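Undergrad: Input: one structure, supplied below.
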Amino acid sequence: MTTIADTAAEAVAGIADGATVLIGGFGMAGMPVALIDALIDQGATDLTVVSNNAGNGDTGLAALLAAGRVRKVICSFPRQSDSYVFDDLYRSGRIDLEVVPQGNLAERMRAAGAGIGAFFCPTGVGTPLADGKETRTIDGRDYVLELPIRGDVALIGAHAGDRMGNLVYRKTARNFGPVMATAAATTIAQVTHVVEAGDLDPEAVVTPGIYVDRIVQVGQERA
Amino acid sequence: MTTIADTAAEAVAGIADGATVLIGGFGMAGMPVALIDALIDQGATDLTVVSNNAGNGDTGLAALLAAGRVRKVICSFPRQSDSYVFDDLYRSGRIDLEVVPQGNLAERMRAAGAGIGAFFCPTGVGTPLADGKETRTIDGRDYVLELPIRGDVALIGAHAGDRMGNLVYRKTARNFGPVMATAAATTIAQVTHVVEAGDLDPEAVVTPGIYVDRIVQVGQERA
Amino acid sequence: MTIEINVDRTVEHLGRGPLSRDEMAATVARDIPDGSFVNLGIGQPTQVSNHLSPSSGVVLHTENGMLGMGPVAEGDQIDPDLTNAGKIPVTELVGACYFHHADSFAMMRGGHLDVCVLGAFQVSEHGDLANWHTGAPDAIPAVGGAMDLAIGAKDVFVMMSLFAKDGSAKLVPTCTYPLTGLACVSRVYTEHATFLVGPDGVTVVETFGLTYDELATRLDVPLRRLEP
Amino acid sequence: MTIEINVDRTVEHLGRGPLSRDEMAATVARDIPDGSFVNLGIGQPTQVSNHLSPSSGVVLHTENGMLGMGPVAEGDQIDPDLTNAGKIPVTELVGACYFHHADSFAMMRGGHLDVCVLGAFQVSEHGDLANWHTGAPDAIPAVGGAMDLAIGAKDVFVMMSLFAKDGSAKLVPTCTYPLTGLACVSRVYTEHATFLVGPDGVTVVETFGLTYDELATRLDVPLRRLEP
């Protein structure tokens, strides 16, 4: 059952030290900045963060890293022109990194959400990222065995959410949100609009409300 | 690139003897009856059909079975109150049957479409449907290894399709259509409405046009 | 089992007969927490929906691709594109949504449903389920979503008569019919009693029209009383 | 390789210098069949889009969840919710659609894209690709979608300069940089020549500003002429 939180602080209450937190967004598109800011205030530490990137500039995920709350990042692309917060932590040995091909990152979370125990994936065969992993030839093609990535919590951004917890997104800000929502024990969404049940077209709902535990409206980001 | 066929006959042209044909629908909802009728006229035989059921009454898939064109059915639930065509073929040894749990049927086609070589699935562990299959305990839970199901052709029903091949469905008639569209070398959709590119909301497209090879409009089934 | 039971010791409802089918459905409905996401199997379990009030906030899932399923459609409501898993026309409630079959079974297999209610031929004392095949040599095998449902929900409730037509108990030490799932059932609702099943064996929650001791004499499985 | 080449024997374009970057992009665009679904990698490959006419029916995929991507957004078109894989604001063409990351990479991994165009540090004579990591000990590893793209499309085209800044060839017998994918590249477009690579080794399709024999003396891999 989905609850509508009044504030981002209320939405992130209870996230525990040591939690694995899935954080949506591709760069800044879809990044739940208000929830991350609230998580910084909330104080949970020793976190493992799963996200496509490892922070841009000084805001959002980068601010969480700068606050020293993250033990490990699992991502596809930490290195960016403005990833200086992560770069510094990494080079000084203050953060662990697991690099995962972007599609494997998505598919491993999808497996967690879908109850799949592991899957044979063709991506990365013969590369350093497959080192030490089980491989198998199936029907003449080589595959690497990949395991699910589960979250204790997912923090995602969406465009609108109804009181049932159903979510719709906007353009490429959709990215990892729908997958992460399925892969975490508790999913928390910041949305631009909270709407009434029935206001979203049942054919166009992207994330069914069953995956969403808490929603908070974070202001009209655009007209 | 999607082509708009003028007739169902044109849409199913070229389906070869011995083909594996994925046929959408759950009961009659979403079943592409016009395409199946055209396939009967087209004459391809020795087919393997993958579908949730094995035909209802005398129309659609049941008519294809009655015409003697199907060598094997892969489905979850052949036995229904009105599956007498299949029942008779099966009991008289004139058709092969592979029964697959409904979710495995969907996930195995999803794997084919998504380039996954195999996956460990918890469904069916310890049951006769897992006999002879590889099993593995992962993180304390038992799983069975399941392989992809690929189609040479998918025949599906949808509500509307645009000239890019994008499809939307209607209510629970969506069922297997979007998954089958990804899993076949050639996907053929019968739709109630062919619309112009831009007429479908880009946020609400269910099957991207990349998965759809041919579309045919089969008349206004409802006002 | 993730759902708490609502009594702290075994209750014997005497001075009455066994539950009717409708009363069994009401008993299951009573035990489904408000706001749960629930899948009701084909047949008898669908009757549970008659006892779920709209104010409960219970959301029904149908594995052919919908959350927010409403009651059976009647008259003009009937739409061939909107059916339940039994292919019976149903309706859509406010706040519903649709998804395709792979997404629907991912939802189920991934453990996101709170409760699934199923019928059964047999349930073992440790929660093994047999409900898809009698094993008869002339039967055409057909599994549908039974195996997916059995292993998917956080709690799997079985609704069944406690005894088969030949008088044999359906709650058994070991299933003799082909299995649907291993150690998947958490509760069994019958006309004579409600049971918890699982790693610790069988615990009797309530009896209807007979005592715990009378029940024990009619079953081949060791029973335990519920105790505070 | 699934896309046919447009000449039947090796062509030497003499009396001119090597291709400019823009000419390389035009050459790649020329070889993409009308109606293809194409992913253009970050950096130089994005320039290929400048040479794809709207009438070609080529549909661009961006792995962050879109088919039907349009040109880079300018001025009022800029929308932070609509970017390409390089996080640059882009536009939406008529007939576009959006999907989430797992669906987007399923589309790629499942072999549904016709062509992917990537940059590279090195390509081996049999089509191994190295384009994600220099292997330098102080480099922060970052793979993004490179490995997924490498194994996903039906045809993987590489656009790169034929020689590194230190003069060493980037078309090599065996990659010395960490691999992105094995035997995945089908064509290599460079300023000096266009090559087919794969199980049969390296075939020269065209040269620009030098002869086949001159090219052969500058590379350590065995070359073959294209012959009818």
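Following the order of the structure tokens, chains are lettered A, B, ..., residues in each are numbered from 1, and ligands are numbered from 1.
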Return the neighbours of chain B among the residues of chain A, cut-off 9 Å, counting only C-alpha atoms, as a list in words.
TA: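 Therefore, the residues near the partner are Gly115, Ile116, Gly117, Ala118, Phe119, Phe120, Cys121, Pro122, Thr137, Ile138, Asp139, Arg141, Asp142, Tyr143, Leu145, Val168, Tyr169, Arg170, Lys171, Pro202, Glu203, Ala204, Val205 and Val206 of chain A.
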Undergrad: For chain B, which residues have at least one atom within 6 Å of chain C, if we go by only C-alpha atoms? Write them as a list of chain:residue names, please.
TA: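 Therefore, the residues near the partner are B:Ala29, B:Ser76, B:Phe77, B:Pro78, B:Arg79, B:Pro101, B:Gln102, B:Gly103, B:Ala106, B:Glu107, B:Thr123, B:Gly124, B:Thr127, B:Lys171, B:Thr172, B:Ala173, B:Arg174, B:Asn175, B:Phe176.
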Undergrad: For Gly95 of chain C, please output as an MDAnalysis selection string all residues within 10 Å (counting only C-alpha atoms; exclusion window: fewer than 5 positions along the same chain).
TA: (chainID A and resid 162:166 196:202 205 208:209) or (chainID C and resid 59 67:69)
Undergrad: Just asking: which residues within segment 106-156 of chain B are strand (DSSP E or B) according to DSSP, as a PyMOL selection string?
TA: chain B and resi 118-121+135-138+141-146+151-156
Undergrad: Pick out the residues sitting within 9 Å of Tyr84 of chain A, and hand them over as a ChimeraX atom specification; count only C-alpha atoms, and ignore anything fewer than 2 positions along from it in its own chain.
TA: /A:55-58,62,79-82,86-89
Undergrad: Output as a list in words all residues of segment 84-185 of chain D that backbone DSSP marks as helix (DSSP H, G or I).
TA: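 Output for segment 84-185 of chain D, helix (DSSP H, G or I) only: His101, Ala102, Asp103, Ser104, Phe105, Ala106, Met107, Met108, Arg109, Ala146, Met147, Asp148, Leu149, Ala150, Ile151 and Gly152 of chain D.
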Undergrad: Enter the distance from atom CA of Gly41 of chain D to atom CA of Leu93 of chain D, in Å, rounded to one decimal.
TA: 18.9 Å
Undergrad: With only C-alpha atoms as the counted atoms, please give the residues lying no more than 8 Å from Pro173 of chain D, apart from itself and same-chain residues fewer than 6 positions off, as a PDB file with all heavy atoms, in the first residue's frame.
TA:
```pdb
ATOM      1  N   SER D 124      40.899  -5.683 -33.522  1.00  0.00           N
ATOM      2  CA  SER D 124      41.767  -6.754 -34.018  1.00  0.00           C
ATOM      3  C   SER D 124      41.310  -7.212 -35.399  1.00  0.00           C
ATOM      4  O   SER D 124      40.180  -6.940 -35.824  1.00  0.00           O
ATOM      5  CB  SER D 124      41.783  -7.937 -33.064  1.00  0.00           C
ATOM      6  OG  SER D 124      40.670  -8.775 -33.310  1.00  0.00           O
ATOM      7  N   GLU D 125      42.175  -7.937 -36.060  1.00  0.00           N
ATOM      8  CA  GLU D 125      41.854  -8.386 -37.428  1.00  0.00           C
ATOM      9  C   GLU D 125      40.612  -9.272 -37.468  1.00  0.00           C
ATOM     10  O   GLU D 125      39.960  -9.390 -38.491  1.00  0.00           O
ATOM     11  CB  GLU D 125      43.048  -9.119 -38.043  1.00  0.00           C
ATOM     12  CG  GLU D 125      43.499 -10.338 -37.280  1.00  0.00           C
ATOM     13  CD  GLU D 125      44.746 -10.977 -37.903  1.00  0.00           C
ATOM     14  OE1 GLU D 125      44.746 -11.195 -39.128  1.00  0.00           O
ATOM     15  OE2 GLU D 125      45.708 -11.254 -37.159  1.00  0.00           O
ATOM     16  N   HIS D 126      40.287  -9.907 -36.335  1.00  0.00           N
ATOM     17  CA  HIS D 126      39.092 -10.759 -36.303  1.00  0.00           C
ATOM     18  C   HIS D 126      37.887 -10.058 -35.681  1.00  0.00           C
ATOM     19  O   HIS D 126      36.868 -10.692 -35.402  1.00  0.00           O
ATOM     20  CB  HIS D 126      39.404 -12.063 -35.582  1.00  0.00           C
ATOM     21  CG  HIS D 126      40.442 -12.872 -36.288  1.00  0.00           C
ATOM     22  ND1 HIS D 126      40.301 -13.270 -37.604  1.00  0.00           N
ATOM     23  CD2 HIS D 126      41.674 -13.307 -35.902  1.00  0.00           C
ATOM     24  CE1 HIS D 126      41.383 -13.933 -37.986  1.00  0.00           C
ATOM     25  NE2 HIS D 126      42.229 -13.960 -36.984  1.00  0.00           N
ATOM     26  N   ASP D 220      50.364  -4.112 -39.538  1.00  0.00           N
ATOM     27  CA  ASP D 220      50.943  -5.399 -39.133  1.00  0.00           C
ATOM     28  C   ASP D 220      49.988  -6.563 -39.348  1.00  0.00           C
ATOM     29  O   ASP D 220      50.281  -7.689 -38.945  1.00  0.00           O
ATOM     30  CB  ASP D 220      51.299  -5.369 -37.632  1.00  0.00           C
ATOM     31  CG  ASP D 220      52.592  -4.615 -37.397  1.00  0.00           C
ATOM     32  OD1 ASP D 220      53.380  -4.495 -38.357  1.00  0.00           O
ATOM     33  OD2 ASP D 220      52.803  -4.157 -36.257  1.00  0.00           O
ATOM     34  N   VAL D 221      48.804  -6.279 -39.885  1.00  0.00           N
ATOM     35  CA  VAL D 221      47.841  -7.367 -40.085  1.00  0.00           C
ATOM     36  C   VAL D 221      47.808  -7.759 -41.553  1.00  0.00           C
ATOM     37  O   VAL D 221      47.983  -6.900 -42.433  1.00  0.00           O
ATOM     38  CB  VAL D 221      46.416  -6.949 -39.623  1.00  0.00           C
ATOM     39  CG1 VAL D 221      46.400  -6.690 -38.132  1.00  0.00           C
ATOM     40  CG2 VAL D 221      45.924  -5.740 -40.397  1.00  0.00           C
TER      41      VAL D 221
END
```
Undergrad: Show which residues sit within 12 Å of Gly219 of chain A, as number ranges by chain. Count only C-alpha atoms, and ignore same-chain residues fewer than 6 positions away.
TA: A: 6-8, 34, 159-160, 190-194
Undergrad: Report the distance between atom CA of Glu12 of chain D and atom CA of Phe208 of chain D in Å, rounded to one decimal place.
TA: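 Separating atom CA of Glu12 of chain D from atom CA of Phe208 of chain D is a distance of 6.4 Å.
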Undergrad: Find the spatial neighbours of Gly18 of chain A, counting only C-alpha atoms, within a cut-off of 7 Å - ignore same-chain residues fewer than 5 positions away - and output them as JSON, numbers by chain.
TA: {"A": [45, 46, 47, 48]}
Undergrad: Distance atom CA of Leu129 of chain A-atom CA of Val100 of chain A, one decimal place?
TA: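 Going from atom CA of Leu129 of chain A over to atom CA of Val100 of chain A, I get 7.4 Å.
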Undergrad: Here is a test: counting only C-alpha atoms, which residue of B:Ala158, B:Cys75, B:Ala54, B:Leu39 is nearest to Val12 of chain B?
TA: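 Selected residue with least distance to Val12 of chain B: B:Leu39.
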Undergrad: Pick the closest to Phe37 of chain C from A:Thr207, A:Thr186, A:Asn53, A:Thr2: which is it, counting only C-alpha atoms?
TA: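 Once distances to Phe37 of chain C are computed over only C-alpha atoms, the minimum belongs to A:Thr2.
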